[in-house]
Every structure is written in C-alpha cells, then in structure tokens.
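What follows is one structure encoded as structure tokens, with my remarks underneath.
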Protein chains: 2
Amino acid sequence: MSPPDPANPPADPQRPRLSKVAVVGRAITLADAEGLDALTIRRLAQELGVTPMALYWHFRNKDELLNGLADQFWSEIDTDVDEAVLWSGQLRALLESLVQVLRAHSSASQLLVAGEKQSPAALEAIEVTLEVLRRGGFDPQHASAVARSALWTGLMLAMSEPGYGPSLSEADRAEHQRRSRIQLAMLPPDRYPCLVEAAEPMTDCNDPDFHYRFGIDLFIRGVQAMADTN
Amino acid sequence: MSPPDPANPPADPQRPRLSKVAVVGRAITLADAEGLDALTIRRLAQELGVTPMALYWHFRNKDELLNGLADQFWSEIDTDVDEAVLWSGQLRALLESLVQVLRAHSSASQLLVAGEKQSPAALEAIEVTLEVLRRGGFDPQHASAVARSALWTGLMLAMSEPGYGPSLSEADRAEHQRRSRIQLAMLPPDRYPCLVEAAEPMTDCNDPDFHYRFGIDLFIRGVQAMADTN
DNA sequence: CTAGTACTTGTACGGCGTATAGTTGAGGGT
DNA sequence: ACCCTCAACTATACGCCGTACAAGTACTAG
C-alpha cells in the first residue's frame with residue numbers, strides 16, 4: 001500500500017563485511033545461547049543485520065554452514081598428546097578434551113552426531129586418536145573401532161547428562177529435573193522398585209562431574225580390558 | 001474459481017477408522033522406509049488416505065505422535081531376563097535386544113536420542129535393567145549410571161555403524177561408504193598415516209556384526225571392571 | 001426423529017530453506 | 001572523466017512444514 005520506495009539500499013555501510021568465520025562465530029553464539037533450533041537462516045541473518053539471502057553468498061546452503069560450525073568445534077579439541085603418559089592416559093586426555101568442548105557448546109553434540117566427519121579438524125583429531133591407539137598395540141581394525149567408540153562415548157555422555165536439552169536456561173533445566181524426579185518417585189513402588197529407589201541418581205545433576213567421570217572411566221576400563229585379552 | 005462445492009465428504013467410507021495404533025504403525029512403516037524426515041503430518045495423512053488435520057484428533061501434536069513411535073520401539077525390547085545366567089550376561093542380553101530393535105528400525109535411534117524416556121514401555125525396560133544391576137551388586141547411583149550408559153551405548157552403536165544414515169537404500173549406503181573410503185585413502189599419507197592405513201576398517205560395513213559385537217563387548221568389559229574395583 | 005459425540009474436512013497463518021533475478025558500490029583500465 | 005567488472009549483497013516468490021479454528025458428517029443412544 002505504502003509507496004514501495006525504490007530507494008533500495010538501507011544496507012548499513014558501517015557494518016563490516018561478512019565473512020565465513022564471522023558468520024560461523026555468530027551462529028555458534030546463537031546456537032549456544034538459544035539452541036540449534038533457534039539457528040535458522042532468517043534469524044541468523046537478522047542477528048547479523050543482513051538479508052537472509054546474503055548468507056548464501058558465503059555458504060552454498062544451510063548444511064554447509066552447519067559443517068562450518070562442526071569444523072570449528074572439532075578444532076577446539078586439544079590434540080596435543082603428552083608423550084610421557086601411557087596410551088590409555090593419552091586416550092583419556094583426548095576424550096576429556098572432547099567432552100569439555102561438547103560441554104562448552106550445548107548444541108555441539110547434536111551437530112556432531114548428525115554431521116559428516118570429514119572436516120579437516122575432524123580428520124586431525126581422529127588421526128591423533130588412531131596414532132595413540134596404534135602405539136598402544138591395537139591393529140588398524142580394532143584401533144578404528146575404539147576410536148569410533150571414543151568419539152561416540154563423548155557424544156553420548158554429553159547428551160545423556162541428566163537434564164540435557166539444548167537451549168534450556170540453568171533454572172529451566174533444574175526445574176525439568178525436579179519434575180522428572182518427582183514423576184519417577186511417584187511410580188508404584190511394587191511395580192518399579194528400582195526406578196523409585198533410583199529416582200534421585202537417575203535425574204540428578206547436582207554433581208554432573210560424576211556423570212562424566214564415571215562414563216569416561218567405564219570406557220577406558222573397557223578399552224584396557226579389550227587390549228589385555230588380545 | 002470453480003464452485004466451492006459444499007458437497008464436503010469425499011471421505012472413502014471403505015477406509016477403516018483411524019486409531020492411535022494404526023497411525024503409529026503406518027508412521028513406523030514410513031519412517032523405516034524413507035527416514036524420519038519423510039515422516040511429516042501431511043505425508044502420513046496422505047499415506048492413510050486422510051486429511052492432515054484428521055491426525056490431530058488422535059494426537060495432540062506431532063510430538064505426541066513421535067512419542068507413540070518411541071513407545072512402540074521401547075515395547076519391542078525383550079525384557080525377559082534369563083535367571084540362569086550371570087548379571088553381566090543378563091545385561092548383555094538386554095543390550096543386544098535393544099540393538100536389535102534399533103537395527104530393525106533405522107530411524108528409531110534418532111527418535112530415542114531426542115525423545116523423553118518416560119513412556120510406560122521405556123520405564124519397564126529401564127526398571128528391568130536396574131534390577132539386573134542391583135542384583136549384580138551395584139548401588140543405586142552406580143546402577144543408574146550403568147543403565148544410562150547401556151541405553152546410550154546401544155543408541156551410539158546404531159548411529160555409529162559405518163554408513164549409517166536414515167532412509168538410505170542398501171545400494172546408496174554401500175556407495176556412500178565406498179566414497180568415504182576413497183576419500184580417506186587419498187589423504188596425504190605423511191600427514192595422516194593411521195587414517196590412510198585404517199581407511200577400510202573406518203568405513204567398512206562388510207561385517208556390521210563386528211561393529212556391534214565389539215561395541216557390546218567393550219561396554220560389558222568396562223562394566224565388569226567397574227564392578228570389580230567397585 | 002433427534003441430539004450428541006466421535007471423527008473428519010477446509011481454510012488459513014506464520015515460519016522454514018532457497019531458487020532466481022535484480023541492485024549496489026568499490027576498483028581498475030582507458 | 002568514463003565505463004566495465006564483479007564481489008556482495010537485496011527483493012520477491014515458491015513450496016514445504018506444523019497447526020489453530022471452525023464447520024461439516026456419520027454413527028449411536030434415547
């Protein structure tokens with residue numbers, strides 16, 4: 001209705017030019033803060049003060065953008081291995097670094113479970129892991145299987161942390177846990193004795209470190225056992 | 001343009017009435033065949049010869065439908081434990097049953113990683129697992145942690161099977177693997193010696209059973225080690 | 001025959017990813 | 001001074017998605 005005003009360019013010339021890294025950075029900030037679902041092309045563009053289609057100059061499509069995020073996450077993993085410790089300790093350190101990255105970026109695990117693992121940074125991390133395992137005495141086949149397991153163990157630890165859910169605030173998360181716990185505790189104790197009994201530890205996140213420590217220990221022990229028997 | 005023809009009901013009276021189970025069944029068939037992405041309300045309705053909105057009589061929203069699928073998957077797990085074997089064997093059997101269900105429904109793992117675990121069938125499965133572990137000597141806290149790990153180990157095994165990808169045909173899957181393998185094998189061998197060396201086992205799915213057997217062994221060994229040192 | 005309840009349909013809204021085509025402004029050759 | 005090129009955007013539109021809302025029909029009980 002109002003005149004379509006052909007004065008086209010309300011583009012703010014103050015705004016610095018976009019770039020792949022800038023876009024990825026903003027995307028990570030957004031995803032960390034509001035969850036992967038909030039990371040839409042339109043929303044991200046708005047966040048950057050730009051038209052949605054502007055992003056398509058820098059990325060072929062949304063998948064490519066997402067791969068950019070994944071690569072960034074991969075690159076945050078510390079792949080410097082301490083030559084002074086045993087292979088099992090090196091493996092543990094790698095896994096701990098992975099977990100740390102996943103915990104720092106609440107949507108990273110979601111992204112990495114689905115995404116391709118062919119990004120340069122991913123290859124680097126996997127290569128280092130394989131090297132550690134090969135030096136530990138695993139043949140290529142078993143090293144591959146263990147490396148895969150290590151990656152997925154990290155992902156699963158992040159996603160199975162009680163109260164995990166992308167984009168929840170600290171308070172929402174606690175509330176959600178409380179609700180779950182109550183629901184478990186209220187079950188008929190004759191039908192679900194163990195579940196009722198374990199209502200607290202099943203939903204608790206008071207000490208999330210226990211969750212991660214236990215999971216990593218469990219994995220490392222398993223790997224050691226597999227190494228011993230062949 | 002054409003008269004809006006108020007003769008409303010082209011509804012085929014032959015078609016049997018809808019029901020929750022019927023809808024869920026069709027949904028599973030669709031998701032198994034074409035992947036979770038293909039499972040849209042509109043598509044499912046079309047599949048059932050019905051208007052999209054018809055489904056909203058039976059389900060409050062899509063999430064409730066998805067929970068229906070999840071519950072069905074949970075219920076397919078065999079929770080009959082063989083009292084004659086050790087707790088570790090019982091745990092293994094439960095995990096194997098889970099894996100079998102996940103392998104039978106290619107989109108089940110995607111669904112279960114995200115979904116709530118409060119469905120009746122899920123509670124049943126978790127309760128049984130906890131019972132096994134409690135009888136095995138774990139205290140509630142550790143039993144909870146192990147049970148969680150068991151579930152997520154199954155999920156991660158299904159999703160980390162080389163060539164995993166919802167809705168891919170057998171041929172596409174093989175093709176995809178071949179491509180990945182070549183891409184790994186073509187990497188510079190001086191920079192990625194282990195990756196190149198392990199190109200085959202990293203991407204291979206000739207014997208998917210090895211993948212699952214190894215993963216389950218690794219997990220059970222870990223749990224046994226944790227039990228021994230308490 | 002009638003009233004209700006259990007289903008189902010039609011229409012519409014806002015949001016998504018993105019194909020296609022048009023616009024702009026900075027830099028360089030002449 | 002001019003024009004051309006081309007990277008970096010904007011405008012518009014399409015076809016999907018989930019689903020709110022309201023109206024319609026079919027079956028069943030009284």
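Letters A, B, ... mark the chains of the structure tokens in the order given; residue numbers begin at 1 per chain; ligand numbers begin at 1, in order shown.
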| field | chain A contacts on chain B, only C-alpha atoms, 8 Å, as number ranges by chain | value | B: 113, 123-124, 126-127, 130-131, 134, 140-141, 144-145, 148-149, 152-153, 156, 159-160, 192-195, 197-198, 201-202, 211, 214-215, 218-223, 225-226
| message | For range 16-21 of chain B, find every residue with an atom within 10 Å (counting only C-alpha atoms (C1' of nucleotides)), except residues of its own chain fewer than 5 positions away, and show them as an MDAnalysis selection string. | response | (chainID B and resid 26:27 48 50 54:55 57:59 65 68:69 72) or (chainID C and resid 7)
Would you export the selected residues with N, CA and C atoms (P, O5', C5', C4', C3', O3' and C1' of nucleotides) as a PDB file, in the first residue's frame, please?
```pdb
ATOM      1  N   ARG B  26       1.503 -47.101  10.710  1.00  0.00           N
ATOM      2  CA  ARG B  26       1.797 -46.545   9.395  1.00  0.00           C
ATOM      3  C   ARG B  26       3.015 -45.624   9.470  1.00  0.00           C
ATOM      4  N   ALA B  27       3.084 -44.858  10.534  1.00  0.00           N
ATOM      5  CA  ALA B  27       4.186 -43.911  10.695  1.00  0.00           C
ATOM      6  C   ALA B  27       5.512 -44.655  10.767  1.00  0.00           C
ATOM      7  N   LEU B  48      -2.387 -42.403   4.663  1.00  0.00           N
ATOM      8  CA  LEU B  48      -3.541 -43.028   5.308  1.00  0.00           C
ATOM      9  C   LEU B  48      -4.849 -42.673   4.593  1.00  0.00           C
ATOM     10  N   VAL B  50      -6.261 -39.603   4.149  1.00  0.00           N
ATOM     11  CA  VAL B  50      -6.994 -38.772   5.092  1.00  0.00           C
ATOM     12  C   VAL B  50      -6.417 -37.369   5.064  1.00  0.00           C
ATOM     13  N   ALA B  54      -6.895 -34.644  10.282  1.00  0.00           N
ATOM     14  CA  ALA B  54      -7.554 -35.804  10.902  1.00  0.00           C
ATOM     15  C   ALA B  54      -6.677 -36.402  11.988  1.00  0.00           C
ATOM     16  N   LEU B  55      -5.371 -36.318  11.769  1.00  0.00           N
ATOM     17  CA  LEU B  55      -4.467 -36.928  12.744  1.00  0.00           C
ATOM     18  C   LEU B  55      -4.528 -36.221  14.094  1.00  0.00           C
ATOM     19  N   TRP B  57      -6.967 -35.419  15.706  1.00  0.00           N
ATOM     20  CA  TRP B  57      -7.976 -35.953  16.612  1.00  0.00           C
ATOM     21  C   TRP B  57      -7.326 -36.987  17.547  1.00  0.00           C
ATOM     22  N   HIS B  58      -6.394 -37.724  16.973  1.00  0.00           N
ATOM     23  CA  HIS B  58      -5.794 -38.830  17.724  1.00  0.00           C
ATOM     24  C   HIS B  58      -4.546 -38.410  18.495  1.00  0.00           C
ATOM     25  N   PHE B  59      -3.908 -37.349  18.043  1.00  0.00           N
ATOM     26  CA  PHE B  59      -2.679 -36.891  18.712  1.00  0.00           C
ATOM     27  C   PHE B  59      -2.743 -35.384  18.875  1.00  0.00           C
ATOM     28  N   LEU B  65       2.683 -37.849  18.620  1.00  0.00           N
ATOM     29  CA  LEU B  65       2.803 -38.949  17.661  1.00  0.00           C
ATOM     30  C   LEU B  65       4.176 -39.593  17.754  1.00  0.00           C
ATOM     31  N   GLY B  68       4.548 -41.737  20.523  1.00  0.00           N
ATOM     32  CA  GLY B  68       3.887 -43.009  20.249  1.00  0.00           C
ATOM     33  C   GLY B  68       4.837 -43.975  19.568  1.00  0.00           C
ATOM     34  N   LEU B  69       5.561 -43.491  18.587  1.00  0.00           N
ATOM     35  CA  LEU B  69       6.547 -44.345  17.913  1.00  0.00           C
ATOM     36  C   LEU B  69       7.580 -44.829  18.919  1.00  0.00           C
ATOM     37  N   GLN B  72       6.388 -47.535  21.079  1.00  0.00           N
ATOM     38  CA  GLN B  72       6.318 -48.799  20.335  1.00  0.00           C
ATOM     39  C   GLN B  72       7.696 -49.445  20.254  1.00  0.00           C
TER      40      GLN B  72
ATOM     41  P    DC C   7     -13.669 -42.152  17.696  1.00  0.00           P
ATOM     42  O5'  DC C   7     -13.443 -41.916  16.145  1.00  0.00           O
ATOM     43  C5'  DC C   7     -12.884 -40.695  15.757  1.00  0.00           C
ATOM     44  C4'  DC C   7     -13.584 -40.188  14.509  1.00  0.00           C
ATOM     45  C3'  DC C   7     -12.583 -39.648  13.502  1.00  0.00           C
ATOM     46  O3'  DC C   7     -12.613 -40.451  12.349  1.00  0.00           O
ATOM     47  C1'  DC C   7     -14.435 -38.168  13.798  1.00  0.00           C
TER      48       DC C   7
END
```
| Ordered Cα pairing of chain A with chain B, RMSD after least-squares superposition | 0.3 Å
Using only C-alpha atoms (C1' of nucleotides), what does the table of chain C residues within 9 Å of chain B look like, with each row giving the shortest atom pair and its distance in Å to one decimal, sorted by chain and ascending number, as JSON lines?
```
{"residue": "C:DC7", "atom": "C1'", "partner": "B:Trp57", "partner_atom": "CA", "distance": 7.4}
{"residue": "C:DT8", "atom": "C1'", "partner": "B:Ala54", "partner_atom": "CA", "distance": 5.7}
{"residue": "C:DT9", "atom": "C1'", "partner": "B:Thr51", "partner_atom": "CA", "distance": 6.8}
{"residue": "C:DG10", "atom": "C1'", "partner": "B:Asn8", "partner_atom": "CA", "distance": 8.8}
```
| Could you write out, as a VMD selection string, all the residues of range 112-209 of chain A that DSSP marks as alpha helix (DSSP H)? | chain A and resid 112 to 114 120 to 135 140 to 160 170 to 185 193 to 197 199 to 203 208 to 209
Dump as CSV the rows for residues of chain D within 9 Å of chain A: closest atom pair and distance in Å with one decimal, only C-alpha atoms (C1' of nucleotides) counted, ordered by chain and rising residue number.
```
residue,atom,partner,partner_atom,distance
D:DA8,C1',A:Trp57,CA,7.4
D:DC9,C1',A:Ala54,CA,5.8
D:DT10,C1',A:Thr51,CA,6.7
```
Would you mind exporting N, CA and C atoms (P, O5', C5', C4', C3', O3' and C1' of nucleotides) of the selected residues as a PDB file, in the first residue's frame?
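Resulting contents of again33.pdb:
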```pdb
ATOM      1  P    DA D   8      33.212 -10.821  -1.595  1.00  0.00           P
ATOM      2  O5'  DA D   8      31.836 -10.066  -1.411  1.00  0.00           O
ATOM      3  C5'  DA D   8      31.855  -8.713  -0.957  1.00  0.00           C
ATOM      4  C4'  DA D   8      30.440  -8.215  -0.898  1.00  0.00           C
ATOM      5  C3'  DA D   8      29.515  -9.033   0.020  1.00  0.00           C
ATOM      6  O3'  DA D   8      28.841  -8.136   0.887  1.00  0.00           O
ATOM      7  C1'  DA D   8      28.492  -8.674  -2.050  1.00  0.00           C
ATOM      8  P    DC D   9      28.243  -8.695   2.250  1.00  0.00           P
ATOM      9  O5'  DC D   9      26.941  -9.473   1.731  1.00  0.00           O
ATOM     10  C5'  DC D   9      25.634  -9.007   2.082  1.00  0.00           C
ATOM     11  C4'  DC D   9      25.073  -8.062   1.019  1.00  0.00           C
ATOM     12  C3'  DC D   9      23.557  -8.039   0.978  1.00  0.00           C
ATOM     13  O3'  DC D   9      23.069  -7.120   1.950  1.00  0.00           O
ATOM     14  C1'  DC D   9      24.502  -8.019  -1.241  1.00  0.00           C
ATOM     15  P    DT D  10      21.627  -7.375   2.500  1.00  0.00           P
ATOM     16  O5'  DT D  10      20.681  -6.994   1.269  1.00  0.00           O
ATOM     17  C5'  DT D  10      20.640  -5.654   0.786  1.00  0.00           C
ATOM     18  C4'  DT D  10      19.499  -5.517  -0.232  1.00  0.00           C
ATOM     19  C3'  DT D  10      18.115  -5.892   0.296  1.00  0.00           C
ATOM     20  O3'  DT D  10      17.170  -4.952  -0.200  1.00  0.00           O
ATOM     21  C1'  DT D  10      18.641  -7.238  -1.579  1.00  0.00           C
TER      22       DT D  10
END
```
